[in-house]
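K.L.:
Below is the file run14.cif, which contains mmCIF, N, CA and C atoms.
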data_my_file
loop_
_atom_site.label_atom_id
_atom_site.label_comp_id
_atom_site.auth_asym_id
_atom_site.auth_seq_id
_atom_site.Cartn_x
_atom_site.Cartn_y
_atom_site.Cartn_z
N MET A 29 -120.43 71.64 13.52
CA MET A 29 -120.48 70.64 14.55
C MET A 29 -120.12 71.32 15.86
N SER A 30 -120.93 71.12 16.87
CA SER A 30 -120.62 71.72 18.16
C SER A 30 -119.95 70.70 19.05
N SER A 31 -119.30 71.22 20.08
CA SER A 31 -118.62 70.32 21.00
C SER A 31 -118.89 70.78 22.42
N ALA A 32 -118.71 69.85 23.36
CA ALA A 32 -118.91 70.13 24.77
C ALA A 32 -117.78 69.48 25.53
N SER A 33 -117.48 70.03 26.70
CA SER A 33 -116.42 69.49 27.53
C SER A 33 -117.04 68.71 28.67
N ASP A 34 -116.55 67.49 28.93
CA ASP A 34 -117.04 66.73 30.07
C ASP A 34 -116.20 67.05 31.29
N ASP A 35 -116.47 66.39 32.44
CA ASP A 35 -115.78 66.67 33.70
C ASP A 35 -114.28 66.42 33.63
N SER A 36 -113.83 65.55 32.74
CA SER A 36 -112.41 65.24 32.64
C SER A 36 -111.67 66.23 31.75
N GLY A 37 -112.39 67.18 31.18
CA GLY A 37 -111.77 68.16 30.31
C GLY A 37 -111.68 67.72 28.86
N LYS A 38 -112.10 66.49 28.56
CA LYS A 38 -112.09 66.01 27.18
C LYS A 38 -113.22 66.67 26.41
N ILE A 39 -112.95 66.95 25.16
CA ILE A 39 -113.97 67.55 24.31
C ILE A 39 -114.70 66.43 23.58
N GLU A 40 -116.03 66.44 23.73
CA GLU A 40 -116.86 65.45 23.05
C GLU A 40 -117.55 66.13 21.87
N GLN A 41 -117.53 65.47 20.74
CA GLN A 41 -118.18 66.00 19.55
C GLN A 41 -119.61 65.49 19.50
N GLU A 42 -120.54 66.40 19.27
CA GLU A 42 -121.93 66.01 19.08
C GLU A 42 -122.08 65.53 17.65
N PRO A 43 -122.93 64.53 17.43
CA PRO A 43 -123.11 64.06 16.06
C PRO A 43 -123.65 65.19 15.18
N SER A 44 -123.16 65.22 13.97
CA SER A 44 -123.66 66.24 13.04
C SER A 44 -124.99 65.76 12.46
N SER A 45 -125.84 66.70 12.13
CA SER A 45 -127.12 66.32 11.54
C SER A 45 -126.92 66.10 10.05
N PHE A 46 -127.78 65.29 9.49
CA PHE A 46 -127.71 64.97 8.07
C PHE A 46 -129.12 64.99 7.53
N ASP A 47 -129.31 65.64 6.42
CA ASP A 47 -130.63 65.73 5.80
C ASP A 47 -130.86 64.48 4.95
N ILE A 48 -131.61 63.55 5.47
CA ILE A 48 -131.85 62.27 4.79
C ILE A 48 -132.65 62.47 3.50
N SER A 49 -133.34 63.59 3.39
CA SER A 49 -134.12 63.84 2.18
C SER A 49 -133.22 64.08 0.95
N LEU A 50 -131.92 64.26 1.17
CA LEU A 50 -130.98 64.45 0.06
C LEU A 50 -130.61 63.13 -0.63
N LEU A 51 -130.94 62.01 0.00
CA LEU A 51 -130.60 60.70 -0.56
C LEU A 51 -131.61 60.27 -1.59
N ASP A 52 -131.13 59.57 -2.63
CA ASP A 52 -132.08 58.99 -3.58
C ASP A 52 -132.58 57.65 -3.01
N ILE A 53 -133.51 57.05 -3.69
CA ILE A 53 -134.16 55.84 -3.18
C ILE A 53 -133.18 54.71 -2.90
N TYR A 54 -132.18 54.52 -3.74
CA TYR A 54 -131.26 53.41 -3.56
C TYR A 54 -130.28 53.68 -2.41
N GLN A 55 -129.95 54.93 -2.21
CA GLN A 55 -129.13 55.28 -1.05
C GLN A 55 -129.93 55.07 0.23
N LEU A 56 -131.20 55.43 0.21
CA LEU A 56 -132.06 55.20 1.38
C LEU A 56 -132.19 53.71 1.68
N LEU A 57 -132.40 52.91 0.63
CA LEU A 57 -132.50 51.47 0.83
C LEU A 57 -131.22 50.92 1.43
N ASP A 58 -130.08 51.44 0.98
CA ASP A 58 -128.80 51.01 1.54
C ASP A 58 -128.71 51.35 3.03
N VAL A 59 -129.17 52.52 3.41
CA VAL A 59 -129.19 52.90 4.83
C VAL A 59 -130.09 51.94 5.61
N PHE A 60 -131.25 51.65 5.06
CA PHE A 60 -132.18 50.72 5.72
C PHE A 60 -131.55 49.34 5.90
N VAL A 61 -130.87 48.86 4.86
CA VAL A 61 -130.22 47.55 4.94
C VAL A 61 -129.16 47.55 6.04
N GLU A 62 -128.37 48.60 6.11
CA GLU A 62 -127.32 48.68 7.14
C GLU A 62 -127.93 48.71 8.53
N LEU A 63 -128.99 49.50 8.72
CA LEU A 63 -129.66 49.55 10.01
C LEU A 63 -130.28 48.20 10.39
N LEU A 64 -130.96 47.60 9.42
CA LEU A 64 -131.57 46.29 9.67
C LEU A 64 -130.53 45.22 9.97
N SER A 65 -129.41 45.26 9.27
CA SER A 65 -128.40 44.22 9.50
C SER A 65 -127.79 44.37 10.89
N GLU A 66 -127.54 45.60 11.32
CA GLU A 66 -127.01 45.81 12.68
C GLU A 66 -127.98 45.27 13.72
N GLN A 67 -129.26 45.57 13.53
CA GLN A 67 -130.26 45.08 14.48
C GLN A 67 -130.39 43.56 14.39
N THR A 68 -130.26 43.01 13.21
CA THR A 68 -130.37 41.55 13.04
C THR A 68 -129.27 40.84 13.82
N TRP A 69 -128.04 41.36 13.78
CA TRP A 69 -126.96 40.74 14.57
C TRP A 69 -127.33 40.71 16.05
N ARG A 70 -128.01 41.76 16.52
CA ARG A 70 -128.45 41.79 17.93
C ARG A 70 -129.55 40.74 18.16
N TYR A 71 -130.51 40.67 17.23
CA TYR A 71 -131.58 39.68 17.37
C TYR A 71 -131.04 38.25 17.33
N ILE A 72 -130.02 38.02 16.53
CA ILE A 72 -129.41 36.69 16.47
C ILE A 72 -128.71 36.36 17.79
N GLY A 73 -128.35 37.40 18.53
CA GLY A 73 -127.69 37.21 19.82
C GLY A 73 -126.18 37.28 19.73
N LEU A 74 -125.66 37.87 18.66
CA LEU A 74 -124.21 37.93 18.47
C LEU A 74 -123.63 39.32 18.68
N ARG A 75 -124.49 40.28 19.01
CA ARG A 75 -124.03 41.62 19.36
C ARG A 75 -124.81 42.11 20.57
N VAL A 76 -124.16 42.91 21.35
CA VAL A 76 -124.77 43.45 22.56
C VAL A 76 -125.69 44.61 22.20
N ASP A 77 -126.84 44.65 22.87
CA ASP A 77 -127.75 45.78 22.71
C ASP A 77 -127.10 46.99 23.37
N PRO A 78 -126.85 48.07 22.61
CA PRO A 78 -126.12 49.21 23.17
C PRO A 78 -126.88 49.95 24.27
N GLN A 79 -128.21 49.85 24.29
CA GLN A 79 -128.98 50.54 25.31
C GLN A 79 -128.93 49.82 26.65
N SER A 80 -129.03 48.49 26.61
CA SER A 80 -129.06 47.72 27.86
C SER A 80 -127.72 47.09 28.20
N ASN A 81 -126.82 47.07 27.22
CA ASN A 81 -125.51 46.42 27.38
C ASN A 81 -125.66 44.92 27.66
N GLU A 82 -126.72 44.33 27.11
CA GLU A 82 -127.02 42.91 27.28
C GLU A 82 -127.27 42.26 25.91
N ILE A 83 -127.19 40.95 25.90
CA ILE A 83 -127.57 40.18 24.72
C ILE A 83 -129.07 39.92 24.82
N LYS A 84 -129.79 40.30 23.79
CA LYS A 84 -131.25 40.09 23.76
C LYS A 84 -131.59 39.35 22.48
N LYS A 85 -131.58 38.02 22.55
CA LYS A 85 -131.84 37.20 21.38
C LYS A 85 -133.34 37.12 21.10
N ASP A 86 -133.70 37.32 19.83
CA ASP A 86 -135.09 37.18 19.38
C ASP A 86 -135.03 36.65 17.95
N LEU A 87 -135.06 35.32 17.82
CA LEU A 87 -134.86 34.71 16.51
C LEU A 87 -136.04 34.90 15.56
N VAL A 88 -137.23 35.14 16.09
CA VAL A 88 -138.38 35.44 15.23
C VAL A 88 -138.14 36.78 14.53
N LYS A 89 -137.74 37.79 15.30
CA LYS A 89 -137.44 39.09 14.70
C LYS A 89 -136.23 39.01 13.78
N ALA A 90 -135.26 38.19 14.12
CA ALA A 90 -134.08 38.02 13.26
C ALA A 90 -134.50 37.48 11.90
N HIS A 91 -135.36 36.48 11.91
CA HIS A 91 -135.85 35.89 10.65
C HIS A 91 -136.57 36.94 9.81
N ASP A 92 -137.46 37.70 10.44
CA ASP A 92 -138.20 38.74 9.71
C ASP A 92 -137.26 39.80 9.15
N ALA A 93 -136.26 40.19 9.93
CA ALA A 93 -135.30 41.21 9.48
C ALA A 93 -134.49 40.70 8.29
N ILE A 94 -134.07 39.45 8.33
CA ILE A 94 -133.32 38.86 7.21
C ILE A 94 -134.18 38.85 5.95
N ASP A 95 -135.45 38.48 6.09
CA ASP A 95 -136.36 38.49 4.94
C ASP A 95 -136.49 39.90 4.36
N CYS A 96 -136.57 40.91 5.22
CA CYS A 96 -136.67 42.30 4.76
C CYS A 96 -135.40 42.73 4.04
N ILE A 97 -134.25 42.34 4.57
CA ILE A 97 -132.98 42.68 3.94
C ILE A 97 -132.90 42.06 2.55
N ILE A 98 -133.30 40.81 2.44
CA ILE A 98 -133.30 40.13 1.14
C ILE A 98 -134.19 40.88 0.14
N PHE A 99 -135.36 41.27 0.59
CA PHE A 99 -136.29 42.01 -0.28
C PHE A 99 -135.66 43.32 -0.75
N LEU A 100 -135.08 44.08 0.18
CA LEU A 100 -134.49 45.36 -0.16
C LEU A 100 -133.30 45.20 -1.11
N VAL A 101 -132.47 44.21 -0.84
CA VAL A 101 -131.31 43.97 -1.71
C VAL A 101 -131.76 43.56 -3.10
N ASP A 102 -132.79 42.75 -3.18
CA ASP A 102 -133.32 42.37 -4.50
C ASP A 102 -133.77 43.60 -5.30
N LYS A 103 -134.36 44.58 -4.63
CA LYS A 103 -134.81 45.81 -5.29
C LYS A 103 -133.63 46.68 -5.71
N MET A 104 -132.57 46.67 -4.92
CA MET A 104 -131.41 47.51 -5.18
C MET A 104 -130.46 46.92 -6.22
N GLU A 105 -130.39 45.61 -6.29
CA GLU A 105 -129.35 44.93 -7.05
C GLU A 105 -129.16 45.41 -8.49
N PRO A 106 -130.23 45.65 -9.25
CA PRO A 106 -130.01 46.09 -10.64
C PRO A 106 -129.30 47.45 -10.75
N HIS A 107 -129.24 48.18 -9.65
CA HIS A 107 -128.68 49.53 -9.67
C HIS A 107 -127.32 49.61 -8.96
N LEU A 108 -126.74 48.46 -8.66
CA LEU A 108 -125.49 48.43 -7.91
C LEU A 108 -124.33 47.93 -8.76
N ALA A 109 -123.15 48.36 -8.37
CA ALA A 109 -121.92 47.84 -8.98
C ALA A 109 -121.71 46.41 -8.48
N ASP A 110 -120.93 45.64 -9.22
CA ASP A 110 -120.69 44.25 -8.85
C ASP A 110 -120.14 44.09 -7.44
N ALA A 111 -119.23 44.96 -7.04
CA ALA A 111 -118.63 44.86 -5.70
C ALA A 111 -119.68 45.09 -4.62
N GLU A 112 -120.60 46.03 -4.85
CA GLU A 112 -121.67 46.29 -3.89
C GLU A 112 -122.63 45.10 -3.80
N LYS A 113 -122.94 44.53 -4.97
CA LYS A 113 -123.81 43.34 -4.99
C LYS A 113 -123.18 42.22 -4.18
N GLU A 114 -121.89 41.98 -4.42
CA GLU A 114 -121.20 40.91 -3.72
C GLU A 114 -121.18 41.16 -2.21
N HIS A 115 -120.92 42.40 -1.82
CA HIS A 115 -120.91 42.75 -0.40
C HIS A 115 -122.27 42.45 0.26
N LEU A 116 -123.34 42.86 -0.39
CA LEU A 116 -124.67 42.66 0.17
C LEU A 116 -125.07 41.19 0.18
N ARG A 117 -124.72 40.45 -0.87
CA ARG A 117 -125.03 39.01 -0.90
C ARG A 117 -124.23 38.28 0.19
N ASN A 118 -122.98 38.70 0.41
CA ASN A 118 -122.18 38.10 1.48
C ASN A 118 -122.77 38.43 2.85
N LEU A 119 -123.28 39.64 3.01
CA LEU A 119 -123.94 40.02 4.26
C LEU A 119 -125.13 39.11 4.52
N ILE A 120 -125.96 38.93 3.51
CA ILE A 120 -127.14 38.07 3.66
C ILE A 120 -126.72 36.65 4.01
N THR A 121 -125.73 36.13 3.33
CA THR A 121 -125.25 34.76 3.61
C THR A 121 -124.74 34.65 5.05
N ASP A 122 -123.96 35.63 5.49
CA ASP A 122 -123.45 35.62 6.87
C ASP A 122 -124.60 35.64 7.88
N LEU A 123 -125.58 36.49 7.64
CA LEU A 123 -126.72 36.56 8.56
C LEU A 123 -127.48 35.23 8.57
N GLN A 124 -127.72 34.66 7.39
CA GLN A 124 -128.46 33.40 7.32
C GLN A 124 -127.71 32.26 8.01
N LEU A 125 -126.41 32.17 7.78
CA LEU A 125 -125.63 31.10 8.41
C LEU A 125 -125.60 31.25 9.93
N ASN A 126 -125.41 32.47 10.40
CA ASN A 126 -125.38 32.68 11.84
C ASN A 126 -126.75 32.47 12.48
N TYR A 127 -127.80 32.85 11.76
CA TYR A 127 -129.16 32.60 12.23
C TYR A 127 -129.39 31.09 12.36
N ALA A 128 -129.02 30.34 11.32
CA ALA A 128 -129.20 28.88 11.33
C ALA A 128 -128.42 28.26 12.49
N GLU A 129 -127.22 28.75 12.74
CA GLU A 129 -126.39 28.23 13.84
C GLU A 129 -127.07 28.48 15.19
N GLN A 130 -127.68 29.63 15.35
CA GLN A 130 -128.34 29.95 16.61
C GLN A 130 -129.65 29.17 16.79
N MET A 131 -130.22 28.70 15.70
CA MET A 131 -131.45 27.92 15.77
C MET A 131 -131.21 26.51 16.30
N LYS A 132 -129.96 26.05 16.23
CA LYS A 132 -129.64 24.69 16.69
C LYS A 132 -129.83 24.54 18.17
#
Could you render the structure from this file as C-alpha coordinates?

P.N.:
Amino acid sequence: MSSASDDSGKIEQEPSSFDISLLDIYQLLDVFVELLSEQTWRYIGLRVDPQSNEIKKDLVKAHDAIDCIIFLVDKMEPHLADAEKEHLRNLITDLQLNYAEQMK
(Lines of atoms letter the chains of each structure in order from A and count residues from 1; the text may use other names and numbers.)
(Lines give C-alpha, C1' and ligand atoms only; values in the text may rest on other atoms or scores of the structure.)
Protein backbone atom coordinates (compact mmCIF):
# COMPACT_ATOMS: atom_id res chain seq x y z
CA MET A 1 0.00 0.00 0.00
CA SER A 2 1.44 3.35 -0.92
CA SER A 3 0.89 6.61 0.87
CA ALA A 4 1.09 10.29 0.05
CA SER A 5 1.38 13.40 2.16
CA ASP A 6 -1.13 16.24 1.75
CA ASP A 7 -0.46 19.96 2.42
CA SER A 8 -1.19 19.56 6.14
CA GLY A 9 1.50 16.91 6.50
CA LYS A 10 -1.03 14.13 7.13
CA ILE A 11 -0.32 10.84 5.43
CA GLU A 12 -3.17 9.56 3.28
CA GLN A 13 -3.35 5.89 2.44
CA GLU A 14 -4.27 4.96 -1.11
CA PRO A 15 -6.78 2.14 -1.38
CA SER A 16 -5.17 -1.21 -1.90
CA SER A 17 -6.06 -3.13 -5.02
CA PHE A 18 -7.91 -6.40 -4.76
CA ASP A 19 -8.13 -9.10 -7.40
CA ILE A 20 -11.87 -9.72 -7.68
CA SER A 21 -11.19 -12.81 -9.80
CA LEU A 22 -10.13 -14.58 -6.58
CA LEU A 23 -13.73 -14.58 -5.31
CA ASP A 24 -16.08 -17.47 -5.92
CA ILE A 25 -19.56 -16.86 -7.32
CA TYR A 26 -21.28 -16.51 -3.94
CA GLN A 27 -18.68 -14.06 -2.67
CA LEU A 28 -19.15 -12.04 -5.86
CA LEU A 29 -22.92 -12.07 -5.41
CA ASP A 30 -22.42 -10.84 -1.84
CA VAL A 31 -20.29 -7.95 -3.14
CA PHE A 32 -22.98 -7.11 -5.69
CA VAL A 33 -25.69 -7.16 -3.01
CA GLU A 34 -23.67 -4.82 -0.79
CA LEU A 35 -23.02 -2.42 -3.68
CA LEU A 36 -26.66 -2.50 -4.78
CA SER A 37 -27.93 -1.96 -1.25
CA GLU A 38 -25.70 1.09 -0.74
CA GLN A 39 -26.95 2.56 -4.00
CA THR A 40 -30.55 1.67 -3.13
CA TRP A 41 -30.37 3.71 0.09
CA ARG A 42 -29.30 6.67 -2.09
CA TYR A 43 -32.13 6.04 -4.58
CA ILE A 44 -34.62 5.88 -1.71
CA GLY A 45 -33.32 9.30 -0.67
CA LEU A 46 -31.98 8.30 2.74
CA ARG A 47 -28.26 8.64 1.99
CA VAL A 48 -26.29 11.41 0.39
CA ASP A 49 -24.71 10.84 -3.00
CA PRO A 50 -20.97 10.98 -2.23
CA GLN A 51 -20.09 12.52 -5.60
CA SER A 52 -22.53 15.43 -5.47
CA ASN A 53 -23.02 15.60 -1.69
CA GLU A 54 -26.77 15.84 -2.39
CA ILE A 55 -29.84 13.67 -1.95
CA LYS A 56 -30.90 12.29 -5.33
CA LYS A 57 -34.11 10.31 -4.92
CA ASP A 58 -35.11 7.95 -7.74
CA LEU A 59 -37.79 5.54 -6.55
CA VAL A 60 -38.05 3.74 -9.90
CA LYS A 61 -34.37 2.79 -9.70
CA ALA A 62 -34.79 1.96 -6.00
CA HIS A 63 -37.57 -0.50 -6.85
CA ASP A 64 -35.48 -2.15 -9.58
CA ALA A 65 -32.44 -2.39 -7.27
CA ILE A 66 -34.53 -4.02 -4.51
CA ASP A 67 -35.85 -6.56 -7.01
CA CYS A 68 -32.27 -7.35 -8.09
CA ILE A 69 -31.15 -7.75 -4.48
CA ILE A 70 -34.01 -10.16 -3.82
CA PHE A 71 -33.06 -12.20 -6.88
CA LEU A 72 -29.39 -12.37 -5.87
CA VAL A 73 -30.18 -13.28 -2.27
CA ASP A 74 -32.53 -16.03 -3.44
CA LYS A 75 -29.65 -17.51 -5.49
CA MET A 76 -27.20 -17.23 -2.58
CA GLU A 77 -29.44 -18.42 0.24
CA PRO A 78 -28.90 -22.19 -0.09
CA HIS A 79 -25.15 -21.60 0.32
CA LEU A 80 -25.27 -19.31 3.35
CA ALA A 81 -25.15 -19.83 7.09
CA ASP A 82 -28.31 -19.01 9.02
CA ALA A 83 -26.87 -15.76 10.39
CA GLU A 84 -25.98 -14.57 6.87
CA LYS A 85 -29.45 -15.47 5.60
CA GLU A 86 -31.04 -13.54 8.45
CA HIS A 87 -28.80 -10.52 7.82
CA LEU A 88 -29.69 -10.41 4.12
CA ARG A 89 -33.42 -10.96 4.71
CA ASN A 90 -33.36 -8.13 7.29
CA LEU A 91 -31.58 -5.91 4.76
CA ILE A 92 -34.28 -6.61 2.17
CA THR A 93 -37.04 -5.93 4.70
CA ASP A 94 -35.41 -2.64 5.75
CA LEU A 95 -35.06 -1.53 2.14
CA GLN A 96 -38.66 -2.48 1.32
CA LEU A 97 -40.10 -0.72 4.37
CA ASN A 98 -38.11 2.45 3.75
CA TYR A 99 -39.01 2.36 0.05
CA ALA A 100 -42.72 2.04 0.95
CA GLU A 101 -42.40 4.95 3.41
CA GLN A 102 -40.86 7.16 0.73
CA MET A 103 -43.64 6.26 -1.71
CA LYS A 104 -46.23 7.88 0.59

K.L.:
Could you tell me, as a list in words, exactly which residues end up selected when the PyMOL selection byres (((chain A and resi 49-54 and name CA) around 12) and name CA) is applied to this structure?

P.N.:
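Taken on the displayed file, the PyMOL selection byres (((chain A and resi 49-54 and name CA) around 12) and name CA) yields the residues Ser45, Phe46, Asp47, Ile48, Gln55, Leu56, Leu57, Asp58, Val59, Phe60, Val61, Leu100, Val101, Asp102, Lys103, Met104, Glu105, Pro106, His107, Leu108 and Glu112 of chain A.
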
K.L.:
Let me know the centre plus edge lengths, in Å and rounded to one decimal, of a box with edges along x, y and z that contains all listed atoms of stretch 92-109 of chain A and is padded by 3 Å on every side, as AutoDock Vina command-line options.

P.N.:
--center_x -130.0 --center_y 43.7 --center_z -0.2 --size_x 22.5 --size_y 17.9 --size_z 27.2

K.L.:
Expand the PyMOL selection byres (((chain A and resi 83-99 and name CA) around 8) and name CA) into the individual residues it matches in the shown file, reporting them as JSON, numbers by chain.

P.N.:
{"A": [61, 64, 65, 68, 69, 70, 71, 72, 73, 74, 75, 76, 77, 81, 82, 100, 101, 102, 103, 120, 123, 124, 127, 131]}

K.L.:
For the atom pair atom CA of A:Asn126 and atom CA of A:Ala109, what is the interatomic distance in Å to one decimal place?

P.N.:
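Going from atom CA of A:Asn126 over to atom CA of A:Ala109, I get 26.0 Å.
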
K.L.:
Between atom CA of A:Glu42 and atom CA of A:Ser80, what is the spacing in Å?

P.N.:
21.5 Å

K.L.:
Return as a list in words the full set of residues in stretch 29-126 of chain A whose backbone-based DSSP assignment is strand (DSSP E or B).

P.N.:
Ser31, Ala32, Ser33, Ile39, Glu40, Gln41, Asp77 and Glu82 of chain A

K.L.:
Name the residues of chain A that come out as helix (DSSP H, G or I) in a backbone DSSP run; write them as number ranges by chain.

P.N.:
A: 48-50, 53-72, 87-107, 110-131

K.L.:
Give me, please, the distance in Å between atom CA of A:Arg117 and atom N of A:Leu63, quoted to one decimal.

P.N.:
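These two atoms are separated by 14.8 Å.
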